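The next block is data.cif, given as mmCIF, N, CA and C atoms.
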```cif
data_data
#
loop_
_atom_site.label_atom_id
_atom_site.label_comp_id
_atom_site.auth_asym_id
_atom_site.auth_seq_id
_atom_site.Cartn_x
_atom_site.Cartn_y
_atom_site.Cartn_z
N MET A 1 0.83 -1.19 0.00
CA MET A 1 0.00 0.00 0.00
C MET A 1 0.87 1.25 0.00
N ARG A 2 2.02 1.19 0.66
CA ARG A 2 2.94 2.33 0.69
C ARG A 2 3.38 2.69 -0.73
N VAL A 3 3.73 1.70 -1.54
CA VAL A 3 4.18 1.95 -2.91
C VAL A 3 3.01 2.49 -3.74
N ARG A 4 1.84 1.93 -3.55
CA ARG A 4 0.66 2.40 -4.29
C ARG A 4 0.37 3.86 -3.96
N ARG A 5 0.42 4.21 -2.69
CA ARG A 5 0.17 5.59 -2.28
C ARG A 5 1.24 6.54 -2.81
N SER A 6 2.49 6.11 -2.81
CA SER A 6 3.55 7.01 -3.28
C SER A 6 3.45 7.25 -4.78
N GLY A 7 2.99 6.28 -5.52
CA GLY A 7 2.85 6.45 -6.96
C GLY A 7 1.58 7.18 -7.36
N LEU A 8 0.46 6.73 -6.83
CA LEU A 8 -0.83 7.28 -7.25
C LEU A 8 -1.28 8.47 -6.41
N GLY A 9 -0.69 8.62 -5.25
CA GLY A 9 -1.09 9.70 -4.35
C GLY A 9 -2.12 9.19 -3.35
N GLY A 10 -2.02 9.72 -2.15
CA GLY A 10 -2.91 9.29 -1.08
C GLY A 10 -4.37 9.56 -1.36
N ALA A 11 -4.66 10.70 -2.01
CA ALA A 11 -6.06 11.05 -2.30
C ALA A 11 -6.69 10.03 -3.24
N HIS A 12 -5.97 9.66 -4.30
CA HIS A 12 -6.50 8.68 -5.26
C HIS A 12 -6.74 7.34 -4.58
N VAL A 13 -5.75 6.88 -3.83
CA VAL A 13 -5.89 5.57 -3.17
C VAL A 13 -7.00 5.62 -2.13
N GLY A 14 -7.12 6.73 -1.43
CA GLY A 14 -8.21 6.88 -0.47
C GLY A 14 -9.57 6.79 -1.13
N ARG A 15 -9.71 7.46 -2.29
CA ARG A 15 -10.99 7.38 -3.03
C ARG A 15 -11.27 5.96 -3.48
N ALA A 16 -10.23 5.27 -3.96
CA ALA A 16 -10.41 3.89 -4.40
C ALA A 16 -10.83 3.01 -3.23
N GLN A 17 -10.22 3.22 -2.08
CA GLN A 17 -10.57 2.41 -0.91
C GLN A 17 -12.01 2.69 -0.45
N LYS A 18 -12.39 3.97 -0.47
CA LYS A 18 -13.76 4.32 -0.07
C LYS A 18 -14.79 3.72 -1.01
N ALA A 19 -14.46 3.63 -2.28
CA ALA A 19 -15.39 3.12 -3.28
C ALA A 19 -15.42 1.59 -3.33
N THR A 20 -14.51 0.95 -2.63
CA THR A 20 -14.43 -0.51 -2.64
C THR A 20 -15.63 -1.12 -1.93
N THR A 21 -16.19 -2.13 -2.56
CA THR A 21 -17.32 -2.88 -1.99
C THR A 21 -16.90 -4.32 -1.78
N GLY A 22 -17.78 -5.10 -1.25
CA GLY A 22 -17.50 -6.54 -1.10
C GLY A 22 -17.24 -7.20 -2.43
N PHE A 23 -17.87 -6.66 -3.49
CA PHE A 23 -17.70 -7.24 -4.82
C PHE A 23 -16.28 -7.06 -5.34
N ASP A 24 -15.72 -5.84 -5.23
CA ASP A 24 -14.41 -5.59 -5.84
C ASP A 24 -13.25 -5.59 -4.84
N ASN A 25 -13.54 -5.85 -3.56
CA ASN A 25 -12.46 -5.91 -2.58
C ASN A 25 -11.37 -6.92 -2.96
N PRO A 26 -11.73 -8.13 -3.41
CA PRO A 26 -10.68 -9.07 -3.81
C PRO A 26 -9.80 -8.52 -4.95
N PHE A 27 -10.42 -7.78 -5.89
CA PHE A 27 -9.65 -7.18 -6.98
C PHE A 27 -8.70 -6.11 -6.45
N GLN A 28 -9.20 -5.24 -5.56
CA GLN A 28 -8.34 -4.20 -4.98
C GLN A 28 -7.15 -4.83 -4.24
N ASN A 29 -7.41 -5.91 -3.52
CA ASN A 29 -6.32 -6.61 -2.83
C ASN A 29 -5.32 -7.20 -3.83
N LEU A 30 -5.85 -7.74 -4.93
CA LEU A 30 -4.99 -8.31 -5.97
C LEU A 30 -4.06 -7.26 -6.56
N ILE A 31 -4.63 -6.11 -6.97
CA ILE A 31 -3.77 -5.11 -7.62
C ILE A 31 -2.80 -4.46 -6.63
N THR A 32 -3.23 -4.29 -5.39
CA THR A 32 -2.31 -3.73 -4.40
C THR A 32 -1.16 -4.70 -4.15
N GLY A 33 -1.47 -5.97 -4.01
CA GLY A 33 -0.43 -6.96 -3.72
C GLY A 33 0.46 -7.28 -4.90
N SER A 34 -0.12 -7.37 -6.10
CA SER A 34 0.68 -7.78 -7.26
C SER A 34 1.29 -6.60 -7.99
N ALA A 35 0.45 -5.66 -8.44
CA ALA A 35 0.97 -4.55 -9.24
C ALA A 35 1.84 -3.61 -8.40
N TRP A 36 1.39 -3.31 -7.19
CA TRP A 36 2.12 -2.34 -6.37
C TRP A 36 3.04 -3.02 -5.36
N GLY A 37 2.79 -4.26 -5.04
CA GLY A 37 3.63 -4.97 -4.08
C GLY A 37 4.72 -5.76 -4.78
N THR A 38 4.35 -6.94 -5.25
CA THR A 38 5.32 -7.83 -5.89
C THR A 38 6.03 -7.16 -7.06
N GLY A 39 5.28 -6.49 -7.93
CA GLY A 39 5.89 -5.84 -9.09
C GLY A 39 6.45 -4.47 -8.78
N GLY A 40 5.65 -3.61 -8.18
CA GLY A 40 6.03 -2.23 -7.99
C GLY A 40 7.07 -1.98 -6.92
N ALA A 41 7.22 -2.89 -5.99
CA ALA A 41 8.16 -2.69 -4.89
C ALA A 41 9.54 -3.31 -5.15
N ARG A 42 9.69 -3.94 -6.30
CA ARG A 42 11.01 -4.50 -6.60
C ARG A 42 12.01 -3.36 -6.74
N ASP A 43 13.26 -3.61 -6.40
CA ASP A 43 14.23 -2.52 -6.35
C ASP A 43 15.17 -2.44 -7.55
N HIS A 44 14.96 -3.25 -8.57
CA HIS A 44 15.87 -3.20 -9.72
C HIS A 44 15.67 -1.93 -10.54
N TRP A 45 14.43 -1.51 -10.71
CA TRP A 45 14.12 -0.25 -11.38
C TRP A 45 13.72 0.78 -10.34
N THR A 46 13.96 2.04 -10.66
CA THR A 46 13.47 3.10 -9.79
C THR A 46 11.96 3.23 -10.01
N PRO A 47 11.26 3.85 -9.09
CA PRO A 47 9.83 4.09 -9.32
C PRO A 47 9.59 4.89 -10.60
N ARG A 48 10.46 5.84 -10.91
CA ARG A 48 10.33 6.62 -12.15
C ARG A 48 10.45 5.73 -13.37
N ASP A 49 11.46 4.85 -13.37
CA ASP A 49 11.65 3.94 -14.50
C ASP A 49 10.43 3.04 -14.68
N ARG A 50 9.92 2.52 -13.59
CA ARG A 50 8.75 1.65 -13.65
C ARG A 50 7.54 2.42 -14.20
N SER A 51 7.39 3.69 -13.78
CA SER A 51 6.31 4.52 -14.30
C SER A 51 6.43 4.73 -15.80
N MET A 52 7.64 4.95 -16.28
CA MET A 52 7.84 5.19 -17.70
C MET A 52 7.46 3.96 -18.52
N VAL A 53 7.85 2.79 -18.06
CA VAL A 53 7.50 1.55 -18.76
C VAL A 53 5.98 1.35 -18.72
N SER A 54 5.38 1.61 -17.58
CA SER A 54 3.92 1.48 -17.46
C SER A 54 3.21 2.40 -18.44
N LEU A 55 3.67 3.66 -18.54
CA LEU A 55 3.05 4.60 -19.48
C LEU A 55 3.13 4.08 -20.91
N ALA A 56 4.29 3.62 -21.31
CA ALA A 56 4.45 3.13 -22.68
C ALA A 56 3.54 1.93 -22.94
N LEU A 57 3.48 1.01 -21.99
CA LEU A 57 2.64 -0.18 -22.18
C LEU A 57 1.16 0.19 -22.22
N LEU A 58 0.74 1.04 -21.32
CA LEU A 58 -0.67 1.43 -21.30
C LEU A 58 -1.06 2.18 -22.58
N ALA A 59 -0.17 3.04 -23.05
CA ALA A 59 -0.44 3.76 -24.30
C ALA A 59 -0.52 2.79 -25.47
N ALA A 60 0.43 1.87 -25.54
CA ALA A 60 0.47 0.91 -26.65
C ALA A 60 -0.78 0.03 -26.67
N LEU A 61 -1.31 -0.27 -25.48
CA LEU A 61 -2.48 -1.13 -25.39
C LEU A 61 -3.80 -0.36 -25.43
N GLY A 62 -3.72 0.97 -25.45
CA GLY A 62 -4.92 1.79 -25.54
C GLY A 62 -5.74 1.86 -24.27
N HIS A 63 -5.10 1.69 -23.13
CA HIS A 63 -5.81 1.74 -21.84
C HIS A 63 -5.82 3.19 -21.35
N ASP A 64 -6.72 3.98 -21.91
CA ASP A 64 -6.73 5.42 -21.69
C ASP A 64 -6.97 5.82 -20.24
N GLU A 65 -7.94 5.23 -19.59
CA GLU A 65 -8.24 5.63 -18.21
C GLU A 65 -7.06 5.33 -17.30
N GLU A 66 -6.49 4.16 -17.44
CA GLU A 66 -5.31 3.81 -16.66
C GLU A 66 -4.13 4.71 -17.05
N GLY A 67 -4.07 5.07 -18.34
CA GLY A 67 -2.99 5.93 -18.81
C GLY A 67 -3.00 7.27 -18.11
N ALA A 68 -4.18 7.89 -17.99
CA ALA A 68 -4.28 9.18 -17.32
C ALA A 68 -3.83 9.06 -15.86
N MET A 69 -4.28 8.02 -15.21
CA MET A 69 -3.89 7.80 -13.81
C MET A 69 -2.37 7.65 -13.70
N HIS A 70 -1.78 6.95 -14.65
CA HIS A 70 -0.34 6.70 -14.57
C HIS A 70 0.49 7.89 -15.06
N VAL A 71 -0.08 8.81 -15.83
CA VAL A 71 0.64 10.06 -16.10
C VAL A 71 0.83 10.79 -14.77
N ARG A 72 -0.23 10.85 -13.97
CA ARG A 72 -0.11 11.47 -12.64
C ARG A 72 0.91 10.73 -11.78
N ALA A 73 0.86 9.40 -11.82
CA ALA A 73 1.81 8.61 -11.04
C ALA A 73 3.24 8.86 -11.50
N ALA A 74 3.45 8.99 -12.82
CA ALA A 74 4.80 9.24 -13.33
C ALA A 74 5.33 10.56 -12.80
N VAL A 75 4.48 11.58 -12.76
CA VAL A 75 4.88 12.87 -12.20
C VAL A 75 5.25 12.68 -10.72
N ASN A 76 4.43 11.91 -10.00
CA ASN A 76 4.70 11.66 -8.58
C ASN A 76 6.00 10.92 -8.35
N THR A 77 6.42 10.10 -9.31
CA THR A 77 7.66 9.33 -9.14
C THR A 77 8.88 10.02 -9.73
N GLY A 78 8.70 11.26 -10.19
CA GLY A 78 9.87 12.04 -10.63
C GLY A 78 10.05 12.19 -12.12
N ALA A 79 9.13 11.68 -12.93
CA ALA A 79 9.26 11.84 -14.38
C ALA A 79 8.88 13.27 -14.77
N SER A 80 9.66 13.85 -15.64
CA SER A 80 9.35 15.18 -16.14
C SER A 80 8.37 15.06 -17.32
N ARG A 81 7.83 16.17 -17.71
CA ARG A 81 6.96 16.18 -18.88
C ARG A 81 7.75 15.79 -20.12
N ASP A 82 9.01 16.17 -20.17
CA ASP A 82 9.86 15.75 -21.30
C ASP A 82 10.04 14.24 -21.31
N ASP A 83 10.23 13.64 -20.13
CA ASP A 83 10.35 12.18 -20.04
C ASP A 83 9.09 11.50 -20.58
N ILE A 84 7.96 12.01 -20.16
CA ILE A 84 6.68 11.42 -20.57
C ILE A 84 6.49 11.56 -22.08
N ARG A 85 6.82 12.72 -22.61
CA ARG A 85 6.73 12.92 -24.07
C ARG A 85 7.62 11.91 -24.79
N GLU A 86 8.84 11.72 -24.31
CA GLU A 86 9.77 10.78 -24.95
C GLU A 86 9.23 9.36 -24.93
N ALA A 87 8.57 8.98 -23.85
CA ALA A 87 7.97 7.65 -23.78
C ALA A 87 6.94 7.49 -24.89
N PHE A 88 6.14 8.53 -25.11
CA PHE A 88 5.09 8.44 -26.13
C PHE A 88 5.66 8.53 -27.54
N LEU A 89 6.75 9.21 -27.72
CA LEU A 89 7.43 9.19 -29.03
C LEU A 89 7.92 7.77 -29.32
N HIS A 90 8.40 7.11 -28.30
CA HIS A 90 8.86 5.72 -28.44
C HIS A 90 7.67 4.81 -28.79
N VAL A 91 6.54 5.07 -28.16
CA VAL A 91 5.32 4.32 -28.48
C VAL A 91 4.96 4.50 -29.95
N ALA A 92 5.10 5.70 -30.47
CA ALA A 92 4.77 5.96 -31.88
C ALA A 92 5.58 5.06 -32.80
N ILE A 93 6.84 4.86 -32.47
CA ILE A 93 7.72 4.03 -33.31
C ILE A 93 7.31 2.55 -33.22
N TYR A 94 7.09 2.06 -32.02
CA TYR A 94 6.91 0.62 -31.82
C TYR A 94 5.46 0.15 -31.75
N ALA A 95 4.53 1.06 -31.44
CA ALA A 95 3.14 0.63 -31.31
C ALA A 95 2.20 1.40 -32.22
N GLY A 96 2.71 2.43 -32.88
CA GLY A 96 1.90 3.15 -33.84
C GLY A 96 1.57 4.58 -33.43
N VAL A 97 1.48 5.41 -34.45
CA VAL A 97 1.18 6.83 -34.25
C VAL A 97 -0.18 7.05 -33.59
N PRO A 98 -1.24 6.33 -33.97
CA PRO A 98 -2.53 6.57 -33.31
C PRO A 98 -2.47 6.35 -31.79
N ALA A 99 -1.76 5.32 -31.35
CA ALA A 99 -1.65 5.06 -29.91
C ALA A 99 -0.91 6.19 -29.22
N ALA A 100 0.16 6.65 -29.82
CA ALA A 100 0.93 7.75 -29.24
C ALA A 100 0.14 9.05 -29.27
N ASN A 101 -0.56 9.30 -30.35
CA ASN A 101 -1.36 10.52 -30.48
C ASN A 101 -2.40 10.59 -29.36
N ARG A 102 -3.07 9.48 -29.11
CA ARG A 102 -4.08 9.43 -28.05
C ARG A 102 -3.42 9.63 -26.68
N ALA A 103 -2.29 8.99 -26.44
CA ALA A 103 -1.59 9.12 -25.16
C ALA A 103 -1.13 10.56 -24.93
N ILE A 104 -0.65 11.21 -25.98
CA ILE A 104 -0.21 12.60 -25.85
C ILE A 104 -1.39 13.50 -25.50
N LYS A 105 -2.53 13.27 -26.13
CA LYS A 105 -3.72 14.07 -25.80
C LYS A 105 -4.10 13.88 -24.33
N ILE A 106 -4.08 12.65 -23.88
CA ILE A 106 -4.42 12.36 -22.49
C ILE A 106 -3.44 13.04 -21.55
N ALA A 107 -2.15 12.95 -21.85
CA ALA A 107 -1.13 13.59 -21.01
C ALA A 107 -1.33 15.11 -20.98
N LYS A 108 -1.63 15.71 -22.13
CA LYS A 108 -1.87 17.16 -22.16
C LYS A 108 -3.06 17.53 -21.27
N ASP A 109 -4.11 16.73 -21.30
CA ASP A 109 -5.27 16.98 -20.44
C ASP A 109 -4.89 16.88 -18.96
N VAL A 110 -4.10 15.87 -18.62
CA VAL A 110 -3.66 15.71 -17.23
C VAL A 110 -2.78 16.89 -16.83
N PHE A 111 -1.86 17.29 -17.69
CA PHE A 111 -0.99 18.43 -17.37
C PHE A 111 -1.82 19.70 -17.16
N ALA A 112 -2.84 19.90 -17.97
CA ALA A 112 -3.71 21.08 -17.81
C ALA A 112 -4.41 21.04 -16.45
N GLU A 113 -4.87 19.86 -16.03
CA GLU A 113 -5.50 19.72 -14.71
C GLU A 113 -4.49 20.01 -13.60
N LEU A 114 -3.28 19.46 -13.73
CA LEU A 114 -2.25 19.68 -12.72
C LEU A 114 -1.89 21.16 -12.63
N ASP A 115 -1.78 21.81 -13.79
CA ASP A 115 -1.45 23.24 -13.81
C ASP A 115 -2.57 24.06 -13.17
N ALA A 116 -3.82 23.70 -13.46
CA ALA A 116 -4.95 24.42 -12.88
C ALA A 116 -4.99 24.24 -11.37
N ASP A 117 -4.68 23.03 -10.90
CA ASP A 117 -4.67 22.77 -9.46
C ASP A 117 -3.53 23.51 -8.76
N ALA A 118 -2.43 23.78 -9.49
CA ALA A 118 -1.27 24.45 -8.91
C ALA A 118 -1.49 25.96 -8.75
N THR A 119 -2.49 26.49 -9.46
CA THR A 119 -2.71 27.95 -9.37
C THR A 119 -3.76 28.31 -8.36
#
```
Using structure tokens, write down the structure from this file.
Amino acid sequence: MRVRRSGLGGAHVGRAQKATTGFDNPFQNLITGSAWGTGGARDHWTPRDRSMVSLALLAALGHDEEGAMHVRAAVNTGASRDDIREAFLHVAIYAGVPAANRAIKIAKDVFAELDADAT
């Protein structure tokens, strides 16, 4: 849970926990334990590196909602906007321009929200 909170932010994780019901509690436990525990807590990659790979994979697979969440997580783990742009340029080469185009639009929307919240 510590890794999940550090990547996604306490507010996001708090909202997810509040919205959890008996139906999806096993799923929330699964993703916390596997994605953020077993996978996310490994020390071979930095949290920033792991975020960058996650962004590229989510963009390539067209997982837009998760992509927006992970743009925020990448910022939380130290990725710059230039880093995020470079990840999506890489996606354009290996997964196609439409996937990268969509990911860039999503990132721009997230950046606009972050900028608005900062003012």
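Using the PyMOL selection byres (((chain A and resi 86 and name CA) around 12) and name CA) on this structure selects Met52, Val53, Leu55, Ala56, Ala79, Ser80, Arg81, Asp82, Asp83, Ile84, Arg85, Ala87, Phe88, Leu89, His90, Val91, Ala92, Ile93, Ala100, Ala103, Ile104 and Ala107 of chain A.
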>> Starting from the PyMOL selection byres ((chain A and resi 7) around 7), expand the selection into actual residues of this file and give them as a PyMOL selection string.
In response: chain A and resi 2-6+8-10+72-74+76-77
DSSP on the backbone: what in stretch 35-102 of chain A comes out alpha helix (DSSP H), as a JSON list (two decimals) with N, CA and C atoms, keeping the file's coordinate frame?
```json
[["chain", "number", "residue", "atom", "x", "y", "z"],
["A", 47, "PRO", "N", 11.26, 3.85, -9.09],
["A", 47, "PRO", "CA", 9.83, 4.09, -9.32],
["A", 47, "PRO", "C", 9.59, 4.89, -10.60],
["A", 48, "ARG", "N", 10.46, 5.84, -10.91],
["A", 48, "ARG", "CA", 10.33, 6.62, -12.15],
["A", 48, "ARG", "C", 10.45, 5.73, -13.37],
["A", 49, "ASP", "N", 11.46, 4.85, -13.37],
["A", 49, "ASP", "CA", 11.65, 3.94, -14.50],
["A", 49, "ASP", "C", 10.43, 3.04, -14.68],
["A", 50, "ARG", "N", 9.92, 2.52, -13.59],
["A", 50, "ARG", "CA", 8.75, 1.65, -13.65],
["A", 50, "ARG", "C", 7.54, 2.42, -14.20],
["A", 51, "SER", "N", 7.39, 3.69, -13.78],
["A", 51, "SER", "CA", 6.31, 4.52, -14.30],
["A", 51, "SER", "C", 6.43, 4.73, -15.80],
["A", 52, "MET", "N", 7.64, 4.95, -16.28],
["A", 52, "MET", "CA", 7.84, 5.19, -17.70],
["A", 52, "MET", "C", 7.46, 3.96, -18.52],
["A", 53, "VAL", "N", 7.85, 2.79, -18.06],
["A", 53, "VAL", "CA", 7.50, 1.55, -18.76],
["A", 53, "VAL", "C", 5.98, 1.35, -18.72],
["A", 54, "SER", "N", 5.38, 1.61, -17.58],
["A", 54, "SER", "CA", 3.92, 1.48, -17.46],
["A", 54, "SER", "C", 3.21, 2.40, -18.44],
["A", 55, "LEU", "N", 3.67, 3.66, -18.54],
["A", 55, "LEU", "CA", 3.05, 4.60, -19.48],
["A", 55, "LEU", "C", 3.13, 4.08, -20.91],
["A", 56, "ALA", "N", 4.29, 3.62, -21.31],
["A", 56, "ALA", "CA", 4.45, 3.13, -22.68],
["A", 56, "ALA", "C", 3.54, 1.93, -22.94],
["A", 57, "LEU", "N", 3.48, 1.01, -21.99],
["A", 57, "LEU", "CA", 2.64, -0.18, -22.18],
["A", 57, "LEU", "C", 1.16, 0.19, -22.22],
["A", 58, "LEU", "N", 0.74, 1.04, -21.32],
["A", 58, "LEU", "CA", -0.67, 1.43, -21.30],
["A", 58, "LEU", "C", -1.06, 2.18, -22.58],
["A", 59, "ALA", "N", -0.17, 3.04, -23.05],
["A", 59, "ALA", "CA", -0.44, 3.76, -24.30],
["A", 59, "ALA", "C", -0.52, 2.79, -25.47],
["A", 60, "ALA", "N", 0.43, 1.87, -25.54],
["A", 60, "ALA", "CA", 0.47, 0.91, -26.65],
["A", 60, "ALA", "C", -0.78, 0.03, -26.67],
["A", 61, "LEU", "N", -1.31, -0.27, -25.48],
["A", 61, "LEU", "CA", -2.48, -1.13, -25.39],
["A", 61, "LEU", "C", -3.80, -0.36, -25.43],
["A", 64, "ASP", "N", -6.72, 3.98, -21.91],
["A", 64, "ASP", "CA", -6.73, 5.42, -21.69],
["A", 64, "ASP", "C", -6.97, 5.82, -20.24],
["A", 65, "GLU", "N", -7.94, 5.23, -19.59],
["A", 65, "GLU", "CA", -8.24, 5.63, -18.21],
["A", 65, "GLU", "C", -7.06, 5.33, -17.30],
["A", 66, "GLU", "N", -6.49, 4.16, -17.44],
["A", 66, "GLU", "CA", -5.31, 3.81, -16.66],
["A", 66, "GLU", "C", -4.13, 4.71, -17.05],
["A", 67, "GLY", "N", -4.07, 5.07, -18.34],
["A", 67, "GLY", "CA", -2.99, 5.93, -18.81],
["A", 67, "GLY", "C", -3.00, 7.27, -18.11],
["A", 68, "ALA", "N", -4.18, 7.89, -17.99],
["A", 68, "ALA", "CA", -4.28, 9.18, -17.32],
["A", 68, "ALA", "C", -3.83, 9.06, -15.86],
["A", 69, "MET", "N", -4.28, 8.02, -15.21],
["A", 69, "MET", "CA", -3.89, 7.80, -13.81],
["A", 69, "MET", "C", -2.37, 7.65, -13.70],
["A", 70, "HIS", "N", -1.78, 6.95, -14.65],
["A", 70, "HIS", "CA", -0.34, 6.70, -14.57],
["A", 70, "HIS", "C", 0.49, 7.89, -15.06],
["A", 71, "VAL", "N", -0.08, 8.81, -15.83],
["A", 71, "VAL", "CA", 0.64, 10.06, -16.10],
["A", 71, "VAL", "C", 0.83, 10.79, -14.77],
["A", 72, "ARG", "N", -0.23, 10.85, -13.97],
["A", 72, "ARG", "CA", -0.11, 11.47, -12.64],
["A", 72, "ARG", "C", 0.91, 10.73, -11.78],
["A", 73, "ALA", "N", 0.86, 9.40, -11.82],
["A", 73, "ALA", "CA", 1.81, 8.61, -11.04],
["A", 73, "ALA", "C", 3.24, 8.86, -11.50],
["A", 74, "ALA", "N", 3.45, 8.99, -12.82],
["A", 74, "ALA", "CA", 4.80, 9.24, -13.33],
["A", 74, "ALA", "C", 5.33, 10.56, -12.80],
["A", 75, "VAL", "N", 4.48, 11.58, -12.76],
["A", 75, "VAL", "CA", 4.88, 12.87, -12.20],
["A", 75, "VAL", "C", 5.25, 12.68, -10.72],
["A", 76, "ASN", "N", 4.43, 11.91, -10.00],
["A", 76, "ASN", "CA", 4.70, 11.66, -8.58],
["A", 76, "ASN", "C", 6.00, 10.92, -8.35],
["A", 81, "ARG", "N", 7.83, 16.17, -17.71],
["A", 81, "ARG", "CA", 6.96, 16.18, -18.88],
["A", 81, "ARG", "C", 7.75, 15.79, -20.12],
["A", 82, "ASP", "N", 9.01, 16.17, -20.17],
["A", 82, "ASP", "CA", 9.86, 15.75, -21.30],
["A", 82, "ASP", "C", 10.04, 14.24, -21.31],
["A", 83, "ASP", "N", 10.23, 13.64, -20.13],
["A", 83, "ASP", "CA", 10.35, 12.18, -20.04],
["A", 83, "ASP", "C", 9.09, 11.50, -20.58],
["A", 84, "ILE", "N", 7.96, 12.01, -20.16],
["A", 84, "ILE", "CA", 6.68, 11.42, -20.57],
["A", 84, "ILE", "C", 6.49, 11.56, -22.08],
["A", 85, "ARG", "N", 6.82, 12.72, -22.61],
["A", 85, "ARG", "CA", 6.73, 12.92, -24.07],
["A", 85, "ARG", "C", 7.62, 11.91, -24.79],
["A", 86, "GLU", "N", 8.84, 11.72, -24.31],
["A", 86, "GLU", "CA", 9.77, 10.78, -24.95],
["A", 86, "GLU", "C", 9.23, 9.36, -24.93],
["A", 87, "ALA", "N", 8.57, 8.98, -23.85],
["A", 87, "ALA", "CA", 7.97, 7.65, -23.78],
["A", 87, "ALA", "C", 6.94, 7.49, -24.89],
["A", 88, "PHE", "N", 6.14, 8.53, -25.11],
["A", 88, "PHE", "CA", 5.09, 8.44, -26.13],
["A", 88, "PHE", "C", 5.66, 8.53, -27.54],
["A", 89, "LEU", "N", 6.75, 9.21, -27.72],
["A", 89, "LEU", "CA", 7.43, 9.19, -29.03],
["A", 89, "LEU", "C", 7.92, 7.77, -29.32],
["A", 90, "HIS", "N", 8.40, 7.11, -28.30],
["A", 90, "HIS", "CA", 8.86, 5.72, -28.44],
["A", 90, "HIS", "C", 7.67, 4.81, -28.79],
["A", 91, "VAL", "N", 6.54, 5.07, -28.16],
["A", 91, "VAL", "CA", 5.32, 4.32, -28.48],
["A", 91, "VAL", "C", 4.96, 4.50, -29.95],
["A", 92, "ALA", "N", 5.10, 5.70, -30.47],
["A", 92, "ALA", "CA", 4.77, 5.96, -31.88],
["A", 92, "ALA", "C", 5.58, 5.06, -32.80],
["A", 93, "ILE", "N", 6.84, 4.86, -32.47],
["A", 93, "ILE", "CA", 7.72, 4.03, -33.31],
["A", 93, "ILE", "C", 7.31, 2.55, -33.22],
["A", 94, "TYR", "N", 7.09, 2.06, -32.02],
["A", 94, "TYR", "CA", 6.91, 0.62, -31.82],
["A", 94, "TYR", "C", 5.46, 0.15, -31.75],
["A", 95, "ALA", "N", 4.53, 1.06, -31.44],
["A", 95, "ALA", "CA", 3.14, 0.63, -31.31],
["A", 95, "ALA", "C", 2.20, 1.40, -32.22],
["A", 97, "VAL", "N", 1.48, 5.41, -34.45],
["A", 97, "VAL", "CA", 1.18, 6.83, -34.25],
["A", 97, "VAL", "C", -0.18, 7.05, -33.59],
["A", 98, "PRO", "N", -1.24, 6.33, -33.97],
["A", 98, "PRO", "CA", -2.53, 6.57, -33.31],
["A", 98, "PRO", "C", -2.47, 6.35, -31.79],
["A", 99, "ALA", "N", -1.76, 5.32, -31.35],
["A", 99, "ALA", "CA", -1.65, 5.06, -29.91],
["A", 99, "ALA", "C", -0.91, 6.19, -29.22],
["A", 100, "ALA", "N", 0.16, 6.65, -29.82],
["A", 100, "ALA", "CA", 0.93, 7.75, -29.24],
["A", 100, "ALA", "C", 0.14, 9.05, -29.27],
["A", 101, "ASN", "N", -0.56, 9.30, -30.35],
["A", 101, "ASN", "CA", -1.36, 10.52, -30.48],
["A", 101, "ASN", "C", -2.40, 10.59, -29.36],
["A", 102, "ARG", "N", -3.07, 9.48, -29.11],
["A", 102, "ARG", "CA", -4.08, 9.43, -28.05],
["A", 102, "ARG", "C", -3.42, 9.63, -26.68]]
```
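Atom pair atom C of A:Gly62 / atom N of A:Arg50: separated by 19.0 Å.
Between atom CA of A:Ala35 and atom N of A:Ala19 there is a distance of 18.8 Å.
Atom C of A:Ile106 lies 9.5 Å from atom C of A:Glu65.
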> Counting only C-alpha atoms, which of A:Gly22, A:Met1, A:Leu61, A:Gly14 gets nearest to A:Gly96?
Replying inline: A:Leu61
> Which of these, A:Met69, A:Ser34, A:Pro26, A:Leu57, has the shortest distance to A:Val13 once you count only C-alpha atoms?
Replying inline: A:Met69
>> Could you list, as a ChimeraX atom specification, every residue matched by the PyMOL selection byres (((chain A and resi 114 and name CA) around 12) and name CA) in this structure?
In response: /A:68,71-73,75-76,81,107-113,115-119
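Of the listed residues (A:Ser51, A:Gln17, A:Asn101, A:Thr46), A:Gln17 comes nearest to A:Asn29; the distances count only C-alpha atoms.
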